[in-house]
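Dropping run_36.cif in here (mmCIF, C-alpha atoms):
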```cif
data_data
loop_
_atom_site.label_atom_id
_atom_site.label_comp_id
_atom_site.auth_asym_id
_atom_site.auth_seq_id
_atom_site.Cartn_x
_atom_site.Cartn_y
_atom_site.Cartn_z
CA MET A 3 -34.78 -79.10 5.73
CA SER A 4 -33.46 -77.28 2.71
CA GLN A 5 -29.74 -77.18 1.98
CA GLY A 6 -29.08 -73.43 2.17
CA MET A 7 -26.70 -72.25 4.84
CA GLN A 8 -25.28 -74.95 7.10
CA TYR A 9 -23.40 -74.91 10.39
CA ALA A 10 -20.95 -77.41 11.82
CA LEU A 11 -19.84 -77.93 15.39
CA VAL A 12 -16.43 -79.54 15.77
CA ASP A 13 -15.73 -80.77 19.28
CA GLY A 14 -12.66 -82.49 20.72
CA ASN A 15 -13.46 -85.88 22.24
CA ASN A 16 -12.63 -85.95 25.98
CA PHE A 17 -10.32 -83.06 25.16
CA TYR A 18 -8.11 -82.85 28.26
CA VAL A 19 -7.60 -86.62 28.27
CA SER A 20 -6.93 -86.65 24.52
CA CYS A 21 -4.24 -83.97 24.93
CA GLU A 22 -2.48 -86.13 27.51
CA ARG A 23 -2.70 -89.22 25.32
CA VAL A 24 -1.02 -87.46 22.39
CA PHE A 25 2.23 -87.42 24.36
CA ASN A 26 1.75 -90.64 26.33
CA PRO A 27 0.34 -93.46 24.18
CA LYS A 28 0.44 -95.76 27.22
CA LEU A 29 -2.74 -94.02 28.39
CA GLU A 30 -4.71 -95.39 25.43
CA ASN A 31 -7.48 -97.87 26.32
CA ARG A 32 -7.05 -97.16 30.04
CA PRO A 33 -9.34 -95.27 32.42
CA VAL A 34 -7.99 -91.72 32.67
CA ILE A 35 -9.36 -88.74 34.56
CA VAL A 36 -8.07 -85.17 34.74
CA LEU A 37 -8.47 -83.43 38.08
CA SER A 38 -9.50 -79.92 39.09
CA ASN A 39 -7.36 -77.47 41.06
CA ASN A 40 -5.43 -79.07 43.92
CA ASP A 41 -6.19 -82.49 42.43
CA GLY A 42 -9.71 -82.34 43.83
CA CYS A 43 -12.41 -83.62 41.47
CA ALA A 44 -12.70 -85.19 38.02
CA VAL A 45 -13.19 -82.52 35.35
CA ALA A 46 -12.52 -84.78 32.34
CA ARG A 47 -12.93 -88.51 31.83
CA SER A 48 -11.96 -91.00 29.16
CA GLU A 49 -14.63 -93.35 27.82
CA GLU A 50 -13.05 -96.13 29.88
CA ALA A 51 -13.42 -94.02 33.04
CA ARG A 52 -17.05 -93.29 32.19
CA ALA A 53 -17.64 -97.03 31.79
CA LEU A 54 -16.40 -97.55 35.36
CA GLY A 55 -19.16 -95.21 36.54
CA ILE A 56 -16.90 -92.28 37.44
CA LYS A 57 -19.02 -89.13 37.33
CA MET A 58 -18.05 -85.59 36.39
CA GLY A 59 -17.09 -83.72 39.54
CA GLU A 60 -16.56 -86.85 41.62
CA PRO A 61 -13.81 -86.37 44.25
CA HIS A 62 -10.53 -88.09 43.49
CA PHE A 63 -10.27 -89.75 46.90
CA GLN A 64 -13.56 -91.56 46.27
CA VAL A 65 -12.40 -93.17 43.00
CA ARG A 66 -8.69 -93.64 43.75
CA ASN A 67 -9.03 -97.33 44.62
CA LEU A 68 -11.37 -97.99 41.68
CA LEU A 69 -8.82 -96.52 39.28
CA ARG A 70 -6.01 -98.53 40.85
CA ARG A 71 -7.92 -101.81 40.40
CA HIS A 72 -8.43 -101.09 36.69
CA ARG A 73 -4.96 -99.67 35.92
CA GLY A 74 -6.47 -96.22 35.77
CA VAL A 75 -4.63 -92.92 35.95
CA ALA A 76 -5.51 -89.57 37.53
CA LEU A 77 -3.65 -86.52 36.19
CA SER A 78 -3.41 -82.93 37.36
CA SER A 79 -4.84 -80.26 35.05
CA ASN A 80 -2.14 -79.07 32.64
CA TYR A 81 -3.84 -75.87 31.48
CA THR A 82 -0.79 -74.62 29.57
CA LEU A 83 -0.71 -77.77 27.45
CA TYR A 84 -4.47 -77.79 26.84
CA ALA A 85 -4.53 -74.15 25.75
CA ASP A 86 -1.71 -74.67 23.26
CA MET A 87 -3.25 -77.87 21.86
CA SER A 88 -6.55 -76.01 21.50
CA ARG A 89 -4.82 -73.27 19.51
CA ARG A 90 -3.31 -75.87 17.17
CA MET A 91 -6.61 -77.72 16.75
CA MET A 92 -8.55 -74.52 15.99
CA SER A 93 -5.94 -73.52 13.41
CA VAL A 94 -6.47 -76.77 11.51
CA ILE A 95 -10.27 -76.51 11.74
CA SER A 96 -10.18 -72.96 10.33
CA GLN A 97 -8.86 -74.31 7.02
CA PHE A 98 -12.20 -76.00 6.29
CA SER A 99 -14.39 -72.88 6.27
CA PRO A 100 -13.68 -69.16 6.02
CA GLU A 101 -16.20 -68.49 8.81
CA GLN A 102 -15.30 -69.81 12.26
CA GLU A 103 -16.38 -69.12 15.82
CA ILE A 104 -14.19 -70.55 18.59
CA TYR A 105 -16.85 -71.31 21.16
CA SER A 106 -14.73 -72.88 23.91
CA ILE A 107 -11.34 -74.48 24.43
CA ASP A 108 -12.46 -77.62 22.58
CA GLU A 109 -15.46 -76.48 20.49
CA SER A 110 -15.64 -74.53 17.24
CA PHE A 111 -18.57 -73.57 15.05
CA LEU A 112 -18.14 -73.29 11.27
CA ARG A 113 -20.60 -71.73 8.85
CA PHE A 114 -20.93 -72.92 5.26
CA ARG A 115 -22.41 -70.49 2.74
CA GLY A 116 -22.14 -71.24 -0.97
CA PHE A 117 -21.49 -74.94 -0.31
CA ASP A 118 -24.80 -76.05 -1.86
CA ASN A 119 -23.18 -78.54 -4.22
CA TRP A 120 -20.56 -79.64 -1.75
CA ASN A 121 -20.53 -83.00 0.01
CA LEU A 122 -20.42 -81.67 3.56
CA THR A 123 -20.39 -85.13 5.10
CA GLY A 124 -17.24 -86.00 3.16
CA HIS A 125 -15.87 -82.57 4.09
CA GLY A 126 -16.45 -83.39 7.76
CA ILE A 127 -14.72 -86.76 7.42
CA ARG A 128 -11.66 -85.07 5.88
CA LEU A 129 -11.69 -82.44 8.62
CA ARG A 130 -11.82 -85.09 11.31
CA HIS A 131 -8.98 -87.04 9.70
CA GLN A 132 -6.76 -83.99 9.25
CA VAL A 133 -7.24 -82.71 12.81
CA HIS A 134 -6.30 -86.14 14.15
CA GLN A 135 -3.35 -86.51 11.79
CA TRP A 136 -1.91 -83.06 12.50
CA THR A 137 -2.64 -82.74 16.23
CA GLY A 138 -3.50 -86.23 17.50
CA ILE A 139 -6.87 -85.01 18.86
CA PRO A 140 -9.98 -87.03 17.91
CA VAL A 141 -13.01 -84.87 17.16
CA GLY A 142 -16.69 -85.27 16.41
CA VAL A 143 -18.41 -83.24 13.69
CA GLY A 144 -22.11 -82.36 13.53
CA PHE A 145 -23.85 -80.51 10.68
CA GLY A 146 -27.19 -78.73 10.84
CA PRO A 147 -29.00 -75.66 9.45
CA THR A 148 -28.71 -73.87 12.82
CA LYS A 149 -26.13 -73.78 15.58
CA THR A 150 -28.47 -75.60 17.97
CA LEU A 151 -29.06 -78.42 15.49
CA ALA A 152 -25.33 -78.59 14.69
CA LYS A 153 -24.67 -78.97 18.42
CA LEU A 154 -27.28 -81.72 18.62
CA ALA A 155 -25.81 -83.45 15.54
CA ASN A 156 -22.38 -83.32 17.16
CA ARG A 157 -23.80 -85.09 20.20
CA LEU A 158 -25.16 -87.82 17.95
CA ALA A 159 -21.81 -88.09 16.12
CA LYS A 160 -19.96 -88.68 19.38
CA ARG A 161 -22.43 -90.82 21.33
CA HIS A 162 -25.01 -92.51 19.11
CA PRO A 163 -24.13 -96.01 17.83
CA ASP A 164 -25.38 -95.11 14.33
CA PHE A 165 -22.72 -92.38 13.94
CA ARG A 166 -20.01 -93.02 16.51
CA GLN A 167 -17.75 -95.06 14.23
CA MET A 168 -17.69 -92.42 11.49
CA GLY A 169 -17.65 -89.55 14.00
CA VAL A 170 -19.73 -87.34 11.69
CA CYS A 171 -23.48 -86.67 11.68
CA ASN A 172 -25.06 -84.52 8.96
CA LEU A 173 -28.76 -83.98 9.56
CA GLN A 174 -29.11 -83.04 5.89
CA ASP A 175 -28.39 -86.67 4.98
CA LEU A 176 -31.41 -87.88 6.98
CA ALA A 177 -35.02 -88.16 5.91
CA PRO A 178 -37.48 -86.12 8.01
CA TRP A 179 -38.76 -89.19 9.84
CA GLN A 180 -35.18 -90.15 10.74
CA GLN A 181 -34.49 -86.67 12.10
CA TRP A 182 -37.64 -86.84 14.20
CA ARG A 183 -36.64 -90.26 15.55
CA TYR A 184 -33.24 -89.04 16.71
CA LEU A 185 -34.73 -85.87 18.21
CA ALA A 186 -37.16 -88.06 20.15
CA GLU A 187 -34.20 -89.92 21.67
CA VAL A 188 -32.48 -86.76 23.01
CA ASP A 189 -33.47 -85.68 26.52
CA VAL A 190 -34.66 -82.09 26.72
CA GLY A 191 -31.96 -81.36 29.29
CA ASP A 192 -29.27 -82.25 26.74
CA ILE A 193 -30.25 -79.45 24.35
CA TRP A 194 -27.80 -76.57 24.06
CA GLY A 195 -29.02 -73.67 26.21
CA ILE A 196 -31.45 -75.71 28.32
CA GLY A 197 -30.05 -75.83 31.84
CA PRO A 198 -31.15 -78.12 34.69
CA ARG A 199 -33.71 -75.66 36.08
CA TRP A 200 -35.38 -75.14 32.71
CA ALA A 201 -35.28 -78.86 32.03
CA ARG A 202 -37.18 -79.57 35.24
CA SER A 203 -39.82 -76.97 34.37
CA LEU A 204 -40.21 -78.33 30.84
CA ARG A 205 -40.60 -81.91 32.09
CA GLU A 206 -43.33 -80.75 34.46
CA GLN A 207 -45.18 -79.49 31.36
CA GLY A 208 -44.75 -82.82 29.57
CA ILE A 209 -41.87 -81.68 27.34
CA LEU A 210 -39.41 -84.54 27.76
CA THR A 211 -37.36 -84.70 24.55
CA ALA A 212 -35.87 -82.47 21.87
CA MET A 213 -38.74 -83.49 19.62
CA ASP A 214 -41.29 -82.38 22.19
CA LEU A 215 -39.59 -78.98 22.42
CA LYS A 216 -39.41 -78.68 18.63
CA LEU A 217 -43.19 -79.10 18.44
CA ALA A 218 -43.90 -76.68 21.30
CA ASN A 219 -45.37 -73.20 20.79
CA PRO A 220 -42.42 -70.75 20.84
CA GLU A 221 -44.53 -67.70 21.77
CA ALA A 222 -46.21 -69.49 24.67
CA LEU A 223 -42.93 -70.74 26.11
CA ARG A 224 -41.33 -67.33 25.65
CA SER A 225 -43.96 -65.87 27.98
CA ARG A 226 -43.16 -68.54 30.59
CA PHE A 227 -39.37 -68.41 30.22
CA ASN A 228 -37.72 -65.77 28.01
CA VAL A 229 -36.60 -64.99 24.46
CA VAL A 230 -33.76 -67.53 24.68
CA MET A 231 -36.30 -70.34 24.91
CA GLU A 232 -38.15 -69.02 21.85
CA ARG A 233 -34.90 -68.88 19.88
CA THR A 234 -34.02 -72.43 20.90
CA ILE A 235 -37.37 -73.74 19.64
CA ARG A 236 -37.05 -71.90 16.34
CA GLU A 237 -33.51 -73.18 15.93
CA LEU A 238 -34.74 -76.75 16.48
CA ASN A 239 -37.13 -76.08 13.59
CA GLY A 240 -34.27 -75.04 11.29
CA ILE A 241 -34.65 -71.24 11.63
CA PRO A 242 -31.27 -69.62 12.42
CA CYS A 243 -31.62 -67.23 15.37
CA ILE A 244 -28.16 -67.37 16.96
CA PRO A 245 -25.51 -65.60 14.85
CA LEU A 246 -21.97 -66.76 14.31
CA GLU A 247 -19.53 -64.66 16.32
CA GLU A 248 -16.38 -64.68 14.21
CA ALA A 249 -14.72 -62.07 16.44
CA PRO A 250 -15.03 -62.84 20.17
CA PRO A 251 -16.77 -60.06 22.11
CA ALA A 252 -14.54 -57.81 24.18
CA LYS A 253 -14.10 -59.03 27.73
CA GLN A 254 -15.97 -57.12 30.42
CA GLN A 255 -13.58 -58.28 33.13
CA ILE A 256 -10.55 -60.49 33.62
CA VAL A 257 -10.25 -62.75 36.67
CA SER A 258 -7.07 -64.46 37.84
CA SER A 259 -7.49 -66.73 40.85
CA ARG A 260 -6.44 -70.12 42.18
CA SER A 261 -7.05 -72.19 45.27
CA PHE A 262 -3.97 -72.64 47.45
CA GLY A 263 -2.25 -75.99 47.89
CA HIS A 264 -2.80 -75.64 51.65
CA LEU A 265 -4.51 -73.19 53.99
CA VAL A 266 -2.52 -69.94 54.10
CA THR A 267 -2.18 -67.64 57.10
CA ARG A 268 0.94 -65.50 56.38
CA LEU A 269 0.45 -62.10 54.81
CA GLN A 270 3.69 -62.48 52.81
CA ASP A 271 2.34 -65.58 51.07
CA LEU A 272 -0.89 -63.77 50.20
CA LEU A 273 1.04 -60.78 48.85
CA GLU A 274 3.09 -63.07 46.60
CA ALA A 275 -0.07 -64.83 45.41
CA VAL A 276 -1.99 -61.71 44.42
CA SER A 277 1.17 -60.30 42.78
CA SER A 278 1.40 -63.43 40.64
CA TYR A 279 -2.31 -63.30 39.81
CA ALA A 280 -2.06 -59.59 38.91
CA ALA A 281 0.86 -60.36 36.58
CA THR A 282 -1.16 -63.07 34.86
CA ALA A 283 -4.17 -60.77 34.52
CA GLY A 284 -1.97 -58.01 33.11
CA ARG A 285 -0.57 -60.32 30.43
CA LYS A 286 -4.10 -61.33 29.39
CA LEU A 287 -5.12 -57.67 29.38
CA ARG A 288 -2.33 -56.76 26.96
CA GLN A 289 -3.20 -59.70 24.74
CA GLU A 290 -6.72 -58.29 24.48
CA GLY A 291 -5.35 -54.82 23.61
CA GLU A 292 -7.14 -53.29 26.58
CA VAL A 293 -6.50 -51.32 29.76
CA ALA A 294 -8.25 -51.62 33.13
CA GLY A 295 -9.87 -48.85 35.11
CA GLY A 296 -9.77 -50.75 38.39
CA ILE A 297 -8.74 -53.92 40.19
CA GLN A 298 -10.67 -55.89 42.79
CA ILE A 299 -8.79 -58.03 45.31
CA PHE A 300 -10.59 -60.81 47.15
CA LEU A 301 -9.93 -63.49 49.76
CA GLN A 302 -11.81 -66.64 50.77
CA THR A 303 -11.62 -69.02 53.68
CA ASN A 304 -12.76 -72.63 53.28
CA PRO A 305 -16.53 -72.96 53.89
CA PHE A 306 -16.36 -76.75 53.83
CA ILE A 307 -14.36 -77.12 57.04
CA PRO A 308 -16.77 -77.56 59.99
CA ASN A 309 -16.60 -74.86 62.66
CA GLU A 310 -13.97 -72.92 60.69
CA PRO A 311 -14.35 -69.11 61.10
CA GLN A 312 -15.35 -67.59 57.76
CA TYR A 313 -14.17 -64.38 56.12
CA HIS A 314 -14.73 -63.41 52.47
CA PRO A 315 -13.58 -59.81 51.94
CA ALA A 316 -13.19 -57.93 48.66
CA LEU A 317 -11.85 -54.48 47.89
CA LEU A 318 -12.02 -52.43 44.67
CA ILE A 319 -9.21 -50.00 43.84
CA ARG A 320 -9.65 -47.60 40.92
CA PHE A 321 -6.80 -46.11 38.89
CA ASN A 322 -6.47 -42.42 38.08
CA THR A 323 -5.70 -43.48 34.50
CA PRO A 324 -6.60 -46.91 33.05
CA THR A 325 -3.57 -49.18 32.73
CA HIS A 326 -2.23 -52.52 31.58
CA ASP A 327 1.08 -51.97 33.38
CA THR A 328 1.86 -55.07 35.44
CA ALA A 329 3.85 -53.05 37.98
CA ARG A 330 0.86 -50.81 38.70
CA LEU A 331 -1.47 -53.79 38.90
CA ILE A 332 0.83 -55.58 41.34
CA GLN A 333 1.23 -52.45 43.48
CA ALA A 334 -2.54 -52.00 43.74
CA ALA A 335 -3.10 -55.72 44.43
CA ARG A 336 -0.61 -55.67 47.29
CA GLN A 337 -2.11 -52.51 48.76
CA GLY A 338 -5.58 -54.05 48.63
CA MET A 339 -4.43 -57.33 50.17
CA THR A 340 -2.74 -55.52 53.05
CA ARG A 341 -5.98 -53.68 53.79
CA ILE A 342 -8.30 -56.71 53.79
CA TYR A 343 -5.97 -59.24 55.46
CA ARG A 344 -6.86 -60.47 58.96
CA LYS A 345 -4.31 -62.71 60.66
CA GLU A 346 -6.89 -64.72 62.67
CA PHE A 347 -8.21 -66.56 59.58
CA ARG A 348 -6.90 -69.38 57.40
CA TYR A 349 -7.34 -68.71 53.70
CA LYS A 350 -8.14 -71.19 50.94
CA LYS A 351 -8.23 -68.87 47.92
CA ALA A 352 -7.30 -65.40 46.74
CA GLY A 353 -7.59 -63.58 43.45
CA VAL A 354 -7.83 -60.38 41.48
CA MET A 355 -10.38 -59.12 38.98
CA LEU A 356 -9.69 -56.36 36.46
CA VAL A 357 -12.76 -54.22 35.74
CA ASP A 358 -13.86 -51.30 33.59
CA LEU A 359 -11.91 -52.54 30.58
CA LYS A 360 -11.39 -50.28 27.56
CA PRO A 361 -9.37 -50.51 24.34
CA VAL A 362 -5.90 -49.04 24.51
CA GLY A 363 -5.83 -45.41 23.39
CA VAL A 364 -9.44 -44.44 24.08
CA SER A 365 -9.11 -43.67 27.80
CA GLN A 366 -8.46 -40.26 29.31
CA GLY A 367 -4.96 -39.45 30.57
CA ASP A 368 -3.87 -37.84 33.83
CA LEU A 369 -3.22 -34.08 33.62
CA PHE A 370 -0.75 -34.21 36.51
CA GLN A 371 1.33 -37.21 35.38
CA GLN A 372 4.87 -36.18 34.40
CA ASP A 373 5.74 -36.77 30.73
CA PRO A 374 3.02 -39.44 30.37
CA GLU A 375 3.72 -40.36 26.75
CA ALA A 376 7.43 -41.07 27.29
CA GLN A 377 6.78 -43.03 30.47
CA THR A 378 4.03 -45.10 28.85
CA GLU A 379 6.20 -45.82 25.81
CA ARG A 380 9.15 -47.02 27.90
CA ARG A 381 6.94 -49.21 30.06
CA THR A 382 5.16 -50.66 27.03
CA ARG A 383 8.48 -51.64 25.45
CA LEU A 384 9.59 -53.32 28.68
CA LEU A 385 6.36 -55.28 29.04
CA SER A 386 6.44 -56.27 25.36
CA VAL A 387 9.93 -57.73 25.83
CA MET A 388 8.81 -59.64 28.94
CA ASP A 389 5.73 -60.99 27.17
CA ALA A 390 7.79 -62.08 24.16
CA ILE A 391 10.38 -63.89 26.29
CA ASN A 392 7.75 -65.62 28.41
CA SER A 393 5.84 -66.61 25.28
CA GLU A 394 8.92 -68.16 23.70
CA MET A 395 10.68 -69.60 26.75
CA GLY A 396 7.70 -70.48 28.94
CA LYS A 397 5.43 -68.68 31.38
CA GLY A 398 7.30 -67.30 34.38
CA THR A 399 10.72 -67.22 32.73
CA LEU A 400 10.78 -63.51 33.56
CA ARG A 401 8.67 -62.25 36.43
CA PHE A 402 8.51 -59.53 39.03
CA SER A 403 10.28 -60.20 42.33
CA ALA A 404 7.03 -59.45 44.16
CA GLU A 405 5.66 -62.76 42.83
CA GLY A 406 8.09 -64.68 45.05
CA VAL A 407 10.48 -67.53 44.31
CA GLY A 408 9.43 -70.67 46.18
CA GLN A 409 5.70 -69.93 46.04
CA SER A 410 4.82 -72.54 48.65
CA TRP A 411 1.20 -71.35 48.44
CA LYS A 412 0.75 -72.57 44.85
CA MET A 413 -2.04 -75.02 44.17
CA ARG A 414 -1.25 -78.70 44.51
CA ARG A 415 -0.69 -80.59 41.26
CA GLY A 416 1.00 -83.83 42.21
CA ASN A 417 0.41 -85.60 38.90
CA LEU A 418 1.24 -82.81 36.46
CA THR A 419 2.66 -83.79 33.09
CA SER A 420 5.23 -81.74 31.16
CA HIS A 421 4.46 -78.63 29.11
CA PHE A 422 5.35 -80.61 25.99
CA THR A 423 4.62 -77.88 23.46
CA THR A 424 5.42 -74.62 25.28
CA ALA A 425 8.71 -75.15 27.15
CA TRP A 426 12.07 -76.46 25.94
CA ALA A 427 12.51 -78.49 29.10
CA GLY A 428 9.20 -80.23 28.44
CA LEU A 429 10.02 -81.55 24.98
CA PRO A 430 9.19 -85.28 24.70
CA VAL A 431 12.20 -87.59 24.84
CA VAL A 432 12.30 -90.67 22.64
CA GLY A 433 13.76 -93.63 24.48
CA THR A 434 16.45 -95.83 23.02
#
```

For the structure just supplied, provide its representation as structure tokens.
Amino acid sequence: MSQGMQYALVDGNNFYVSCERVFNPKLENRPVIVLSNNDGCAVARSEEARALGIKMGEPHFQVRNLLRRHRGVALSSNYTLYADMSRRMMSVISQFSPEQEIYSIDESFLRFRGFDNWNLTGHGIRLRHQVHQWTGIPVGVGFGPTKTLAKLANRLAKRHPDFRQMGVCNLQDLAPWQQWRYLAEVDVGDIWGIGPRWARSLREQGILTAMDLKLANPEALRSRFNVVMERTIRELNGIPCIPLEEAPPAKQQIVSSRSFGHLVTRLQDLLEAVSSYAATAGRKLRQEGEVAGGIQIFLQTNPFIPNEPQYHPALLIRFNTPTHDTARLIQAARQGMTRIYRKEFRYKKAGVMLVDLKPVGVSQGDLFQQDPEAQTERRTRLLSVMDAINSEMGKGTLRFSAEGVGQSWKMRRGNLTSHFTTAWAGLPVVGT
């Protein structure tokens, strides 16, 4: 592989667990898992938890005793903390290349152009050190001439014994035969973009490893699968086919939904829930600089309870003029919930989805709305003040009364840690 343009994938190691360990060093070297909504299943595991055989998605009740025997800990998902730690980590990573794509909450691609005489491996080591020093998050760094190969190199950096200690893998440092050897050790199902269904089909055709896929005919497999498969094969051969997305694409929809902490039957609880979800969706909508043309309200019963009557309604309400006004979103959400509610069912989940999103200022106004510009300006100022206060003082500091006070329906998070970085009350306290 020639030097030329190179990509890096920087990925936080066991990110949710690492965020928790930053503020509680007592969790180091202990099995730790982070649980899904309502403390249901493991969605993140420390290396020690993996070593105990705890699988991703395994229910908490099945591993509770195993954790207890090994001084393990199960924590509720602290999404506010993880999002803020992600923002800090991505800010540090951005200093190491002018071209960055934030791929997920814990993954970031970098592109290096004009770095031909630069020691990228040393650059990756410095990046890894600085991220850990400034945020406390350990990361792995993988370099390759394409995004797919950078992703594969990152996997080697985090899991392969030859690279794990350094935490950096640069395929450019390897001779061709070494690259082929490592590709032959990677299961085809572990390649970025190859899901379980494709992996099964490829294995049936004798393509078992990343090396097998690299040597496959891209045109032939495109006819059997699609163009994504062809791009993956070409990327494995060092031909960039997947561009870097420095600006995230505009959202097509925004969903705000949570499972309840217990089965809900009262309409008032459901009205409070969808009001809260609509407020959250509205805040995200304003952050994106967009307005919504409609809102869908939905309800779900629990399909996993035997003999439980099932009901999964949804209702779409369209606005005369697109909006990001939380009050209008809440009003529509409550109207929709009242229409789809049936008192004979017990509900596990509710939510709202904003659709038909457009940038602010490009949508058509309402001819019959009184003094629309003045009303919109006043409401925008109000919402801006609310967003600023909630951003500085913590989510929910100011909220609409329709969202309720006690919120007994909220999802269960019995082992939730503090919002260490986003709320004054959550600031860490140093003991004496």

Polymer residues at most 12 Å from Asn119 in chain A, only C-alpha atoms, same-chain spacing of 4 or more positions, as JSON, numbers by chain: {"A": [5, 6, 7, 114, 115, 123, 125]}

Long-range neighbours of Arg224 in chain A as a VMD selection string, 12 Å cut-off, all atoms listed in the file, 6 positions minimum in chain: chain A and resid 218 230 to 236

May I have the residues from that selection written out with C-alpha atoms, as a compact mmCIF listing (two decimals), in the frame of the given file?
```
# COMPACT_ATOMS: atom_id res chain seq x y z
CA ALA A 218 -43.90 -76.68 21.30
CA VAL A 230 -33.76 -67.53 24.68
CA MET A 231 -36.30 -70.34 24.91
CA GLU A 232 -38.15 -69.02 21.85
CA ARG A 233 -34.90 -68.88 19.88
CA THR A 234 -34.02 -72.43 20.90
CA ILE A 235 -37.37 -73.74 19.64
CA ARG A 236 -37.05 -71.90 16.34
```

Nearby residues, (0.2, -65.9, 57.3) file frame, 9 Å, only C-alpha atoms, as a list in words: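 Residues close enough to count: Val266, Thr267, Arg268, Leu269, Gln270, Asp271, Leu272, Lys345, Glu346, Phe347, Arg348 and Tyr349 of chain A.
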
Close residues, Pro140 in chain A itself excluded, 8 Å, all atoms listed in the file, min 6 positions apart in chain, as an NGL selection string: :A and (14-15 or 20 or 130 or 133-134)

Exercise: Ile319 in chain A partners within 8 Å, all atoms listed in the file, chain neighbours under 2 positions left out, as a list of chain:residue names: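 Non-adjacent residues within range: A:Gly296, A:Ile297, A:Gln298, A:Leu317, A:Phe321, A:Ala334, A:Gly338.
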
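The residue set within 12 Å of Asp389 in chain A, counting only C-alpha atoms and dropping same-chain residues fewer than 4 places from it, reads Ala281, Thr282, Gly284, Arg285, Lys286, Leu287, Arg288, Gln289, Asp327, Thr328, Thr382, Arg383, Leu384, Leu385, Ser393, Glu394, Met395, Gly396, Lys397, Gly398, Thr399, Leu400 and Arg401 of chain A.
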
Within-8 Å shell of (-3.1, -89.0, 39.2) in input frame, only C-alpha atoms, as a ChimeraX atom specification: /A:35-37,41,75-78,416-417

Selection under test: the PyMOL selection byres ((chain A and resi 51) around 9); residues as a list of chain:residue names: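 Expected selection for the PyMOL selection byres ((chain A and resi 51) around 9) here is A:Arg32, A:Pro33, A:Val34, A:Ile35, A:Arg47, A:Ser48, A:Glu49, A:Glu50, A:Arg52, A:Ala53, A:Leu54, A:Gly55, A:Ile56, A:Lys57, A:Leu69, A:Gly74.
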
For the structure shown, which residues end up in the PyMOL selection byres ((chain A and resi 190) around 7)? Put them as a PDB file with C-alpha atoms, in the frame of the given file, please?
```pdb
ATOM      1  CA  VAL A 188     -32.480 -86.760  23.010  1.00  0.00           C
ATOM      2  CA  ASP A 189     -33.470 -85.680  26.520  1.00  0.00           C
ATOM      3  CA  GLY A 191     -31.960 -81.360  29.290  1.00  0.00           C
ATOM      4  CA  ASP A 192     -29.270 -82.250  26.740  1.00  0.00           C
ATOM      5  CA  ILE A 193     -30.250 -79.450  24.350  1.00  0.00           C
ATOM      6  CA  ALA A 201     -35.280 -78.860  32.030  1.00  0.00           C
ATOM      7  CA  LEU A 210     -39.410 -84.540  27.760  1.00  0.00           C
ATOM      8  CA  THR A 211     -37.360 -84.700  24.550  1.00  0.00           C
ATOM      9  CA  ALA A 212     -35.870 -82.470  21.870  1.00  0.00           C
TER      10      ALA A 212
END
```

Separation of CA of Leu223 in chain A from CA of Leu204 in chain A in Å: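 Here the two named atoms are 9.3 Å from each other.
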
Among the residues A:Ala280, A:Val19, A:Leu215, A:Ile241, the one that comes closest to Ala329 in chain A [using all atoms listed in the file]: A:Ala280

Residues in the PyMOL selection byres ((chain A and resi 129) around 10), expressed as JSON, numbers by chain: {"A": [12, 94, 95, 96, 97, 98, 123, 124, 125, 126, 127, 128, 130, 131, 132, 133, 134, 135, 141, 142, 143, 170]}

Convert the current residue selection to file output with C-alpha atoms, as a CSV table (one decimal), keeping the file's coordinate frame.
```
chain,number,residue,atom,x,y,z
A,12,VAL,CA,-16.4,-79.5,15.8
A,94,VAL,CA,-6.5,-76.8,11.5
A,95,ILE,CA,-10.3,-76.5,11.7
A,96,SER,CA,-10.2,-73.0,10.3
A,97,GLN,CA,-8.9,-74.3,7.0
A,98,PHE,CA,-12.2,-76.0,6.3
A,123,THR,CA,-20.4,-85.1,5.1
A,124,GLY,CA,-17.2,-86.0,3.2
A,125,HIS,CA,-15.9,-82.6,4.1
A,126,GLY,CA,-16.4,-83.4,7.8
A,127,ILE,CA,-14.7,-86.8,7.4
A,128,ARG,CA,-11.7,-85.1,5.9
A,130,ARG,CA,-11.8,-85.1,11.3
A,131,HIS,CA,-9.0,-87.0,9.7
A,132,GLN,CA,-6.8,-84.0,9.2
A,133,VAL,CA,-7.2,-82.7,12.8
A,134,HIS,CA,-6.3,-86.1,14.2
A,135,GLN,CA,-3.4,-86.5,11.8
A,141,VAL,CA,-13.0,-84.9,17.2
A,142,GLY,CA,-16.7,-85.3,16.4
A,143,VAL,CA,-18.4,-83.2,13.7
A,170,VAL,CA,-19.7,-87.3,11.7
```

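In this structure, CA of Ala335 in chain A sits 26.6 Å away from CA of Phe306 in chain A.
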
Nearest residue to Glu22 in chain A from the set A:Ala294, A:Val45, A:Met87, A:Leu112 (distances using all atoms listed in the file):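 Smallest distance to Glu22 in chain A is found for A:Met87.
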
Coordinates-based distance that separates CA of Thr419 in chain A from CA of Lys28 in chain A (Å, one decimal):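 Going from CA of Lys28 in chain A over to CA of Thr419 in chain A covers 13.5 Å.
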